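Student: Handing you this structure, nothing more for now.
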Amino acid sequence: MTVISARGLRKEFTVRVKVGRLRRDRRTVAAVDGVDLAIERGEMVGYIGPNGAGKSTTLKMLTGVLTPTAGDISVCGLSPVRQRTRLARRIGVVFGQRSQLWWDLPLRESFELLRHIYRVPPAEHAARLLRCRALLDLDEFLDTPVRQLSLGQRMRGELTAALLHGPEVLFLDEPTIGLDVVSKQAVRGFLAELGATGDVTLMLTTHDLADIEKLCRRLLVIDHGRVVHDGTIEALHARYGSRRRVVVELESPAAPPEVIGATLVTVTPLRFEYDLTGATAGELLVRLAGLPIRDVSIVEPDIEDVVARLYTGVPVTDAP
Amino acid sequence: MGAGFRRYSTYRQATVAGAFTNTVFGFLRCYVLLAVAAGAGTATVAGYDPARLATFVWFGQGLLAVVLLWGWTELADRIRTGDVVADLLRPVHPVTRYLATDLGRAGHAVVTRFVPPVLIGPLFFPFYVPHRWTTVPLFAVSVLLATVLCFGCRYLVNATGYWLLDIRGPMILWALVSGVLGGLYFPLRFLPDALVVPLWVLTPLPSLFQTPLDVLVEIDPTPRQLWLVVLQAAWVVLVLVLCRVVQRRAERRLVVQGG
């Protein structure tokens with residue numbers, strides 16, 4: 001069942017640009033320029049792109065906060081802008097850079113208020129809160145006013161707040177921004193567990209690609225308001241030619257042999273590196289037998305490299 | 001509503017300081033108005049005798065924080081920072097939610113800010129005790145309506161932030177106009193009728209402050225009292241509808257600040 005769908009989604013903003021001393025020109029900028037999406041129930045989708053690519057704008061349109069300039073959206077079978085308050089009961093949203101908790105109140109009271117606002121039956125609310133308290137370690141700061149919480153603590157509170165009404169879809173806009181390693185792990189672990197149930201559809205934007213690698217099977221890459229990749233991480237690697245690399249270190253200098261299906265990329269007297277372009281690592285090692293090898297390591301392709309190449313304008317063609 | 005109450009109850013020192021200030025200004029305003037009335041040389045000025053004037057001032061000082069004429073910029077601040085997004089993601093209309101919070105705040109103010117000046121004033125000045133039993137419940141209704149009406153006006157002033165981002169201009173204008181023409185600085189009936197009547201009917205301002213106080217000191221006979229409160233209610237409906245219309249228009253052109 002398709003939970004989130006968008007067709008030809010477009011959002012334009014008008015900016016005034018200074019021309020000459022007094023004149024200002026109005027110029028239209030498309031933040032999102034014809035995005036098509038279809039996300040099935042239970043999917044965990046990573047939505048990435050460089051700064052200003054249109055990620056947050058898309059999310060704000062999907063949640064009904066911003067009115068699209070053009071295009072159709074349906075989330076949970078509702079039209080986000082027109083039926084925003086109805087949709088709000090069925091989705092959970094976390095904007096990493098904003099707080100939706102009450103600044104002056106302790107978390108415990110914020111959660112209680114949310115129960116009233118969303119009209120959640122007390123038993124359901126208690127069960128969900130108990131689970132979040134256990135998984136996110138909330139107990140030690142449950143009675144501290146939100147303004148005194150650290151960023152990591154607040155973010156765990158935000159996640160809980162977004163989940164207490166049992167949303168079908170969870171939109172997370174950079175949920176791990178500014179968090180330390182431990183907090184990041186806690187948040188990721190929690191989201192992974194949530195995704196494993198298969199009931200919640202999750203759409204996540206992030207700049208930390210480890211989030212995506214740990215959580216999302218499917219990856220949407222957006223740049224200049226357009227989707228430039230939609231598929232698995234493996235498909236992204238295949239498309240942008242990332243290769244596994246074999247690094248060979250030697251006891252004494254030797255010449256590297258030519259191997260079919262592997263390209264030599266660096267050569268120093270005591271070390272050389274191959275990119276596997278067809279051969280397996282095993283085949284390569286067989287060809288290297290007889291060399292004075294001290295150590296061999298295999299480096300998996302790094303998603304950050306692929307994405308960096310994607311962002312910095314390696315020409316992007318339509319999907320192969 | 002509970003949220004509003006609890007949020008304001010967090011700031012106890014501010015509450016004490018506020019109640020103290022209200023009381024001090026109560027003395028100042030009371031002395032000035034009584035001196036002016038004495039200078040007029042008649043027993044009553046525009047229908048107010050000294051007891052009514054003193055009661056007008058002291059209950060007015062108490063009402064100030066309940067109705068909250070000034071100093072509310074929460075919505076505008078949230079528009080400026082972009083945090084207003086969180087309000088739009090709730091399953092409740094923003095006007096309804098802010099109103100509920102504001103009534104909670106007003107409830108807190110009734111206990112902490114209304115009671116002190118109202119108790120202290122009569123110790124030093126003559127006090128007007130209402131003669132008709134209907135006056136007290138009518139006063140309560142009128143205060144409630146004034147609070148909701150004032151919330152609506154403040155919401156509209158704040159909502160200019162959707163277009164202007166910085167609302168200091170509209171805010172200063174509002175503070176000036178609402179204080180003078182709402183009846184805070186002096187009872188509006190000191191002004192000639194030709195000015196007061198249109199002001200009362202065509203603007204919501206006297207309904208914010210003057211109406212509840214005039215109801216309390218029984219300046220008018222009962223039917224006229226009742227009409228003033230009905231007029232207040234009509235303004236409440238009008239202003240709240242206007243809030244919703246403005247909110248909808250704002251959402252259509254909304255740009256979330258700060259990404």
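Each chain of the structure tokens is named A, B, ... in the order shown, its residues numbered from 1; ligands are numbered from 1 in display order.
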Can you check which residues of chain A have any atom within 10 Å of chain B? Use only C-alpha atoms and format it as a PyMOL selection string.

Tutor: chain A and resi 13+51-52+54-57+60+63-68+81+83-95+97-105+109-110+112-114+117-119+145

Student: Within 8 Å of Thr201 of chain A, counting only C-alpha atoms, which residues show up once you throw out same-chain ones fewer than 6 positions away? Write them as a PyMOL selection string, please.

Tutor: chain A and resi 3+40-44+168-170+195

Student: Find the spatial neighbours of segment 154-161 of chain B, counting only C-alpha atoms, within a cut-off of 9 Å - ignore same-chain residues fewer than 4 positions away - and output them as a list in words.

Tutor: Leu68, Leu69, Trp70, Trp72, Thr73, Glu74, Leu75, Ala76, Asp77, Ile79, Arg80, Val95, Tyr98, Leu149, Cys150, Leu165, Asp166, Ile167, Pro170, Met171, Trp174, Val239, Leu242, Cys243, Val246, Gln247 and Ala250 of chain B

Student: Give the strand (DSSP E or B) residues of segment 57-209 of chain A, as DSSP finds them on the backbone, and put them as a list in words.

Tutor: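 Those residues are Ala70, Gly71, Asp72, Ile73, Ser74, Val75, Leu78, Ile91, Gly92, Val93, Val94, Phe95, Pro106, Pro145, Val169, Leu170, Phe171, Leu172, Asp173, Thr201, Leu202, Met203, Leu204 and Thr205 of chain A.
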
Student: Hey, can you check how far atom CA of Pro256 of chain A sits from atom CA of Leu285 of chain A?

Tutor: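 Distance between the two atoms: 11.9 Å.
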
Student: Taking only residues of segment 104-216 of chain B that have an atom at most 8 Å from an atom of segment 39-55 of chain B, what is each one's shortest atom pair and its distance in Å to one decimal, using only C-alpha atoms, in chain and number order, as a Markdown table?

Tutor:
```
| residue | atom | partner | partner_atom | distance |
| --- | --- | --- | --- | --- |
| B:Gly121 | CA | B:Ala54 | CA | 7.8 |
| B:Pro122 | CA | B:Thr55 | CA | 7.8 |
| B:Phe125 | CA | B:Ala54 | CA | 6.5 |
| B:Pro126 | CA | B:Ala51 | CA | 4.8 |
| B:Phe127 | CA | B:Ala51 | CA | 4.9 |
| B:Tyr128 | CA | B:Ala51 | CA | 5.1 |
| B:Arg189 | CA | B:Ala46 | CA | 6.0 |
| B:Phe190 | CA | B:Ala46 | CA | 5.8 |
```

Student: Could you pull out all residues of segment 104-315 of chain A with a DSSP call of alpha helix (DSSP H) and give them as a ChimeraX atom specification?

Tutor: /A:107-117,122-136,151-163,181-196,209-215,233-239,281-288,303-311

Student: Within 12 Å of Val29 of chain A, counting only C-alpha atoms, which residues show up once you throw out same-chain ones fewer than 2 positions away? Write them as a PyMOL selection string, please.

Tutor: chain A and resi 10-17+26-27+31-33+52-54+69+224-225

Student: Which residue is closest to Glu251 of chain A? Choose from A:His207, A:Arg271, A:Arg133, A:Arg294 and count only C-alpha atoms.

Tutor: A:Arg294

Student: Which of these residues is nearest to Leu138 of chain B, using only C-alpha atoms: B:Gly4, B:Leu213, B:Val115, B:Gly18?

Tutor: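 For Leu138 of chain B, the nearest of the given residues is B:Leu213.
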
Student: Identify, on the basis of only C-alpha atoms, every residue whose closest approach to Phe5 of chain B does not exceed 8 Å; exclude the query and any residue fewer than 5 positions from it along the same chain; express the result as a compact mmCIF listing (two decimals) with N, CA and C atoms, in the first residue's frame.

Tutor:
```
# COMPACT_ATOMS: atom_id res chain seq x y z
N THR B 101 -4.34 28.09 25.70
CA THR B 101 -3.18 28.41 26.53
C THR B 101 -3.35 29.76 27.20
N GLY B 104 -5.59 29.65 30.17
CA GLY B 104 -4.84 29.09 31.31
C GLY B 104 -3.99 30.15 31.97
N ARG B 105 -3.32 30.93 31.12
CA ARG B 105 -2.50 32.03 31.63
C ARG B 105 -3.36 33.02 32.41
N ALA B 106 -4.54 33.35 31.85
CA ALA B 106 -5.43 34.30 32.51
C ALA B 106 -5.90 33.75 33.85
N GLY B 107 -6.17 32.45 33.90
CA GLY B 107 -6.59 31.83 35.15
C GLY B 107 -5.52 32.00 36.22
N HIS B 108 -4.29 31.82 35.81
CA HIS B 108 -3.17 32.01 36.73
C HIS B 108 -3.10 33.46 37.18
```

Student: Can you tell me which residues surround Arg128 of chain A at a distance of at most 12 Å, considering only C-alpha atoms, apart from same-chain residues fewer than 6 positions away, and format the answer as a list of chain:residue names?

Tutor: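 Once the adjacent positions are removed, what remains is A:Phe111, A:Arg115, A:Val120, A:Pro121, A:Pro122, A:Ala134, A:Leu135, A:Leu136, A:Leu159, A:Thr160, A:Ala161, A:Ala162, A:Leu163, A:Leu164, A:His165, A:Gly166, A:Pro167, A:Leu194.
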
Student: Any idea what the distance is between atom CA of Ala279 of chain A and atom CA of Ala308 of chain A?

Tutor: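 Taking atom CA of Ala279 of chain A and atom CA of Ala308 of chain A, their separation equals 26.1 Å.
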
Student: Rounded to one decimal in Å, what is the spacing between atom CA of Ala234 of chain B and atom CA of Val141 of chain B?

Tutor: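 Answer for the atom CA of Ala234 of chain B to atom CA of Val141 of chain B separation: 13.4 Å.
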